[in-house]
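Each remark here refers to the structure printed beneath this line.
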Amino acid sequence: MRARVYVTLKDGVLDPAGVATAGGLKSLGFGEVAGVRLGKFIEVDLDESADGFSPESARTRLTEMCEKLLANTVIEKYRIELEG
Amino acid sequence: MASTSSFDVAVITFPGSNCDADLRHAVDLVDGLSARAVWHKETDLGAPDAVLLPGGFSYGDYLRCGAIARFSPVMEEVIAFAGGGGPVLGICNGFQILTEAGLLPGALLANRDLKFLCQSVTLEVEGRETPFSRGLAGAKPLTMPIAHMDGNWYADDETAARVEGEGQIIFRYQGGSPNGARMDVAGLSNAAGNVVGMMPHPERACEDALGGADGLGLFQSLAGFLQSR
């Protein structure tokens with residue numbers, strides 16, 4: 001099973017790279033761009049034959065992974081998608 | 001504690017640390033302190049009197065600066081040492097590791113202008129007394145270098161107000177922050193005051209031949225603190 005994790009800076013935390021990218025888009029003529037947030041996209045492959053694995057537990061385990069390592073919740077938020 | 005023997009100062013080396021040798025050198029310049037190199041894989045820290053986390057690019061800054069080093073085997077011992085009130089100082093990447101470990105409030109974001117900053121800064125010392133700033137608060141400002149990409153200290157409104165109210169801001173950039181750090185924070189302590197993190201590099205300002213020795217004051221402060229216990 002593959003999980004997709006999206007990590008971005010929380011709303012309200014300045015994202016200078018996002019601001020610079022938005023400026024670039026605007027200068028290319030994309031005047032409708034109101035803002036850009038850059039983040040990380042992480043794919044995690046899960047071994048379905050691992051001890052204790054269940055599709056139901058996968059989301060809980062992914063949440064733990066995000067809380068412990070993949071995101072720093074002081075500054076970042078995350079979203080988890082499970083494939084299949 | 002015998003005053004004749006040196007105090008044992010553990011300096012942790014992570015894969016990618018690059019200021020560890022400089023830091024040990026700076027510690028050894030101070031009477032009464034003796035630096036000891038500790039590899040991050042150690043699960044036994046020994047019985048240090050203080051623990052220092054050096055600058056560098058631990059684990060290539062992958063994921064986030066300090067995020068992976070925070071789970072190095074030795075960090076469990078460092079966290080326990082800090083929890084017991086032991087003096088801990090994190091410099092630059094060491095500061096990032098301490099915030100990732102939850103030993104210090106807030107986080108270090110990318111510099112506001114997205115540039116690696118390598119320059120001399122002047123720091124106002126203030127706040128509560130810590131093992132690394134004894135007698136320095138309110139005295140003359142200290143000049144030392146910064147060299148970082150992610151030194152923009154951030155905390156939410158509530159945390160920022162608490163940190164300031166409790167006197168946990170120990171070092172502030174004079175004349176404004178070069179990296180966008182909230183409240184011009186260059187370094188701060190935990191609530192108990194025994195753990196300090198800072199972006200500037202005191203170990204790079206410990207000899208006049210290198211342009212100044214203001215950084216030495218922090219290590220002399222540590223020696224004085226340990227002697228006074």
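For the structure tokens, the naming scheme is as follows: chains receive sequential letters (A, B, ...) according to their order of presentation, residues are indexed from 1 within each chain, and ligands are indexed from 1 in presentation order.
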
> Which parts of segment 4-77 of chain A does DSSP call alpha helix (DSSP H) when run on the backbone here, written out as a ChimeraX atom specification?
Replying inline: /A:16-27,55-65

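The environment of Val5 of chain A within 9 Å, counting only C-alpha atoms and disregarding residues fewer than 4 places along the same chain, consists of A:Lys40, A:Phe41, A:Ile42, A:Glu43, A:Val44, A:Leu62, A:Cys66, A:Leu70, A:Tyr78, A:Arg79, A:Ile80, A:Glu81, A:Leu82.
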
Kindly assemble as JSON lines a list of the chain B residues that lie within 7 Å of chain A, each paired with its nearest atom pair and their distance in Å to one decimal, using only C-alpha atoms, sorted first by chain and then by ascending residue number.
{"residue": "B:Ala67", "atom": "CA", "partner": "A:Leu69", "partner_atom": "CA", "distance": 6.8}
{"residue": "B:Gly106", "atom": "CA", "partner": "A:Val74", "partner_atom": "CA", "distance": 6.5}
{"residue": "B:Ala107", "atom": "CA", "partner": "A:Val74", "partner_atom": "CA", "distance": 6.7}
{"residue": "B:Arg112", "atom": "CA", "partner": "A:Pro16", "partner_atom": "CA", "distance": 6.0}
{"residue": "B:Asp113", "atom": "CA", "partner": "A:Pro16", "partner_atom": "CA", "distance": 7.0}
{"residue": "B:Leu114", "atom": "CA", "partner": "A:Pro16", "partner_atom": "CA", "distance": 6.9}

Now that the selection is made, can you save its residues with C-alpha atoms as a PDB file, in the first residue's frame?
ATOM      1  CA  ALA B  67      14.869  16.597  12.387  1.00  0.00           C
ATOM      2  CA  GLY B 106       9.547  27.407  18.606  1.00  0.00           C
ATOM      3  CA  ALA B 107      11.263  26.368  15.406  1.00  0.00           C
ATOM      4  CA  ARG B 112      13.339  35.607   5.396  1.00  0.00           C
ATOM      5  CA  ASP B 113      15.310  36.583   2.282  1.00  0.00           C
ATOM      6  CA  LEU B 114      16.093  32.948   1.337  1.00  0.00           C
TER       7      LEU B 114
END

>> Give me, as a list of chain:residue names, all polymer residues having an atom no more than 12 Å from Val163 of chain B, counting only C-alpha atoms and skipping those fewer than 3 positions away in the same chain.
In response: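 Contacts, in chain order: B:Leu104, B:Pro105, B:Gly106, B:Gly127, B:Arg128, B:Tyr154, B:Ala155, B:Asp156, B:Asp157, B:Glu158, B:Thr159, B:Ala160, B:Glu166, B:Gly167, B:Gln168, B:Ile169, B:Ile170, B:Arg182, B:Met183, B:Val185, B:Gly187, B:Leu188, B:Ser189, B:Asn190, B:Ala191, B:Ala192, B:Gly193.
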
> With only C-alpha atoms as the basis for distance, which of B:Arg134, B:Arg172, B:His148, B:Lys41 is at the shortest distance from Ala223 of chain B?
Replying inline: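 Of the candidates, the smallest distance to Ala223 of chain B is held by B:Arg134.
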
>> Using DSSP assignments from the backbone, pull out every residue in chain A that falls under strand (DSSP E or B) and give it to me as a list of chain:residue names.
In response: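 Those in chain A that DSSP calls strand (DSSP E or B) are A:Arg2, A:Ala3, A:Arg4, A:Val5, A:Tyr6, A:Val7, A:Thr8, A:Leu9, A:Gly39, A:Lys40, A:Phe41, A:Ile42, A:Glu43, A:Val44, A:Asp45, A:Glu76, A:Lys77, A:Tyr78, A:Arg79, A:Ile80, A:Glu81, A:Leu82.
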
Dump as a PDB file, in the first residue's frame, selection limited to C-alpha atoms:
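File out31.pdb, as written:
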ATOM      1  CA  ARG A   2       1.223   3.471  -0.807  1.00  0.00           C
ATOM      2  CA  ALA A   3       0.551   6.505   1.309  1.00  0.00           C
ATOM      3  CA  ARG A   4       0.957  10.099   0.198  1.00  0.00           C
ATOM      4  CA  VAL A   5       1.769  12.738   2.771  1.00  0.00           C
ATOM      5  CA  TYR A   6       1.582  16.471   2.051  1.00  0.00           C
ATOM      6  CA  VAL A   7       3.408  18.768   4.456  1.00  0.00           C
ATOM      7  CA  THR A   8       3.059  22.563   4.249  1.00  0.00           C
ATOM      8  CA  LEU A   9       3.725  25.488   6.525  1.00  0.00           C
ATOM      9  CA  GLY A  39       5.586  22.236   0.815  1.00  0.00           C
ATOM     10  CA  LYS A  40       6.800  18.684   0.731  1.00  0.00           C
ATOM     11  CA  PHE A  41       5.244  15.673  -0.932  1.00  0.00           C
ATOM     12  CA  ILE A  42       6.269  12.377   0.660  1.00  0.00           C
ATOM     13  CA  GLU A  43       5.427   8.881  -0.595  1.00  0.00           C
ATOM     14  CA  VAL A  44       5.553   6.106   1.988  1.00  0.00           C
ATOM     15  CA  ASP A  45       5.346   2.487   0.847  1.00  0.00           C
ATOM     16  CA  GLU A  76       3.751  22.688   9.684  1.00  0.00           C
ATOM     17  CA  LYS A  77       0.469  20.939   8.965  1.00  0.00           C
ATOM     18  CA  TYR A  78       0.047  17.668   7.092  1.00  0.00           C
ATOM     19  CA  ARG A  79      -2.491  15.729   5.070  1.00  0.00           C
ATOM     20  CA  ILE A  80      -2.468  11.962   4.488  1.00  0.00           C
ATOM     21  CA  GLU A  81      -3.884  10.123   1.493  1.00  0.00           C
ATOM     22  CA  LEU A  82      -3.993   6.327   1.302  1.00  0.00           C
TER      23      LEU A  82
END

> Within 7 Å of Gly180 of chain B, counting only C-alpha atoms, which residues qualify if same-chain residues fewer than 3 places away don't, as number ranges by chain?
Replying inline: B: 111-112, 152, 177

> Skipping near chain neighbours, those fewer than 2 positions away, what residues fall within 8 Å of Asn194 of chain B using only C-alpha atoms, listed as a list in words?
Replying inline: Ala82, Gly85, Gly86, Pro87, Val88, Thr130, Pro131, Ser189, Asn190, Ala192 and Val196 of chain B

> Which distance in Å separates atom CA of Met144 of chain B and atom CA of Glu126 of chain B, to one decimal?
Replying inline: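 Spanning atom CA of Met144 of chain B to atom CA of Glu126 of chain B is a straight-line distance of 16.2 Å.
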
Do a neighbour search on Pro200 of chain B at 7 Å with only C-alpha atoms, toss out local chain neighbours closer than 3 positions, and write the hits as a PDB file with N, CA and C atoms, in the first residue's frame.
ATOM      1  N   ILE B  91      24.332  25.169  19.359  1.00  0.00           N
ATOM      2  CA  ILE B  91      24.756  26.287  18.523  1.00  0.00           C
ATOM      3  C   ILE B  91      24.371  25.997  17.079  1.00  0.00           C
ATOM      4  N   CYS B  92      23.653  26.922  16.454  1.00  0.00           N
ATOM      5  CA  CYS B  92      23.297  26.828  15.033  1.00  0.00           C
ATOM      6  C   CYS B  92      22.523  25.526  14.771  1.00  0.00           C
ATOM      7  N   MET B 144      29.948  38.328  17.189  1.00  0.00           N
ATOM      8  CA  MET B 144      30.370  36.996  16.722  1.00  0.00           C
ATOM      9  C   MET B 144      29.686  36.700  15.395  1.00  0.00           C
ATOM     10  N   PRO B 145      30.133  35.672  14.679  1.00  0.00           N
ATOM     11  CA  PRO B 145      29.543  35.427  13.359  1.00  0.00           C
ATOM     12  C   PRO B 145      28.270  34.577  13.386  1.00  0.00           C
ATOM     13  N   ILE B 146      27.452  34.766  12.351  1.00  0.00           N
ATOM     14  CA  ILE B 146      26.399  33.798  12.045  1.00  0.00           C
ATOM     15  C   ILE B 146      26.743  33.166  10.700  1.00  0.00           C
ATOM     16  N   ALA B 186      18.002  35.773  18.726  1.00  0.00           N
ATOM     17  CA  ALA B 186      19.190  35.078  18.236  1.00  0.00           C
ATOM     18  C   ALA B 186      19.458  33.829  19.078  1.00  0.00           C
TER      19      ALA B 186
END

>> Quick one: residues within 12 Å of Ala205 of chain B, only C-alpha atoms, excluding same-chain residues fewer than 5 positions away - as a PyMOL selection string?
In response: chain B and resi 22-23+25-27+29+120-122+142-146+200+210-219
